[in-house]
Amino acid sequence: MTDYPSISPYTAGLGGKCPRCGKGALFQGFLGIRENCDVCTLDYAKADAGDGPAVFVIFIVGFLAVAVAFVARFVWYAPIWLAFLISAGVAAAAIIGLLRPLKATLIALQYANKAAEGRLKE
C-alpha cells in the first residue's frame with residue numbers, strides 16, 4: 001500500500017481533485033463523478049454527496065439574490081422587472097460557480113472523515 005500525503009479536504013474539494021492524492025480529477029463533465037482516480041486509482045463508487053451541495057447553494061444563493069434585488073430596486077432605483085432580471089442573472093452565475101466546488105468539498109470531507117452508512121450494533 002502506498003502512503004499518500006495528507007491532503008486538506010478543502011483544498012482537494014475546491015480544486016475538484018482526488019481526496020486521497022490531490023492530483024487526479026474528481027469530475028467527469030460538469031457534475032458527474034469519475035469511476036476512479038486516474039492517478040492513485042481510488043474508487044469513487046461510494047462517493048455520494050447527495051442533496052447536501054444543492055441545499056447549501058440554495059441557502060447561499062437565496063440570500064445573495066434577495067440582497068441584489070433589494071439593492072437594484074432601492075439603491076439603484078431600477079424598475080422591478082430589471083431588479084428581478086439582475087437578481088436572476090446573479091443567482092444563475094452563483095449557482096454555476098458554487099455547485100461543483102461544494103459537491104467536491106463534501107465528497108472530500110466524506111473521505112477524510114471515513115464516512116460510511118450507519119450500522120446498528122447487535
# chains A, B, ... in the order shown; residues from 1 in each chain; ligands from 1

call {"tool": "select_by_dssp", "arguments": {"residues": "chain A", "states": "alpha helix (DSSP H)", "output": "VMD selection string"}}
result
chain A and resid 9 to 15 52 to 74 80 to 112

call {"tool": "closest_residue", "arguments": {"among": "A:Glu117, A:Asp3, A:Asp51, A:Asp38", "to": "Lys23 of chain A", "atoms": "only C-alpha atoms"}}
result
A:Asp38

call {"tool": "select_by_dssp", "arguments": {"residues": "segment 30-89 of chain A", "states": "strand (DSSP E or B)", "output": "list of chain:residue names"}}
result
A:Gly32, A:Ile33, A:Asn36, A:Asp43

call {"tool": "write_last_selection", "arguments": {"atoms": "N, CA and C atoms", "output": "CSV table (one decimal), in the first residue's frame"}}
result
chain,number,residue,atom,x,y,z
A,32,GLY,N,-20.7,15.2,-13.0
A,32,GLY,CA,-20.6,13.7,-12.9
A,32,GLY,C,-19.2,13.3,-12.3
A,33,ILE,N,-19.3,12.3,-11.4
A,33,ILE,CA,-18.1,11.8,-10.7
A,33,ILE,C,-17.5,10.7,-11.5
A,36,ASN,N,-13.0,6.2,-10.9
A,36,ASN,CA,-11.9,6.2,-10.0
A,36,ASN,C,-10.9,7.2,-10.4
A,43,ASP,N,-11.2,4.3,-5.7
A,43,ASP,CA,-12.6,4.0,-6.3
A,43,ASP,C,-13.5,5.1,-5.7

call {"tool": "closest_residue", "arguments": {"among": "A:Ala108, A:Val66, A:Ile7, A:Tyr77", "to": "Val90 of chain A", "atoms": "only C-alpha atoms"}}
result
A:Val66

call {"tool": "closest_residue", "arguments": {"among": "A:Leu109, A:Ala94, A:Ala25, A:Val39", "to": "Val68 of chain A", "atoms": "only C-alpha atoms"}}
result
A:Ala94

call {"tool": "closest_residue", "arguments": {"among": "A:Arg119, A:Trp81, A:Gly89, A:Ala112", "to": "Pro19 of chain A", "atoms": "only C-alpha atoms"}}
result
A:Ala112

call {"tool": "atom_distance", "arguments": {"atom1": "atom CA of Lys17 of chain A", "atom2": "atom CA of Val61 of chain A"}}
result
24.2 Å

call {"tool": "atom_distance", "arguments": {"atom1": "atom CA of Ile95 of chain A", "atom2": "atom CA of Ile107 of chain A"}}
result
18.1 Å

call {"tool": "closest_residue", "arguments": {"among": "A:Val71, A:Ala115, A:Leu99, A:Ala104", "to": "Cys18 of chain A", "atoms": "only C-alpha atoms"}}
result
A:Ala104

call {"tool": "residues_around", "arguments": {"residues": "Ala67 of chain A", "least_positions_apart": "2", "cutoff": "12 Å", "atoms": "only C-alpha atoms", "output": "number ranges by chain"}}
result
A: 60-65, 69-75, 83-84, 86-88, 90-91

call {"tool": "closest_residue", "arguments": {"among": "A:Gly13, A:Gly29, A:Pro5, A:Pro101", "to": "Val57 of chain A", "atoms": "only C-alpha atoms"}}
result
A:Pro101

call {"tool": "atom_distance", "arguments": {"atom1": "atom CA of Gly97 of chain A", "atom2": "atom CA of Ala45 of chain A"}}
result
24.8 Å

call {"tool": "residues_around", "arguments": {"residues": "Tyr4 of chain A", "least_positions_apart": "3", "cutoff": "10 Å", "atoms": "only C-alpha atoms", "output": "ChimeraX atom specification"}}
result
/A:1,7,20-22,40

call {"tool": "write_last_selection", "arguments": {"atoms": "C-alpha atoms", "output": "PDB file, in the first residue's frame"}}
result
ATOM      1  CA  MET A   1       0.000   0.000   0.000  1.00  0.00           C
ATOM      2  CA  ILE A   7      -4.416  16.438   1.721  1.00  0.00           C
ATOM      3  CA  ARG A  20      -6.580  10.859  -1.421  1.00  0.00           C
ATOM      4  CA  CYS A  21      -3.747  12.048  -3.682  1.00  0.00           C
ATOM      5  CA  GLY A  22      -4.906  15.587  -4.515  1.00  0.00           C
ATOM      6  CA  CYS A  40      -3.965   6.742  -7.464  1.00  0.00           C
TER       7      CYS A  40
END
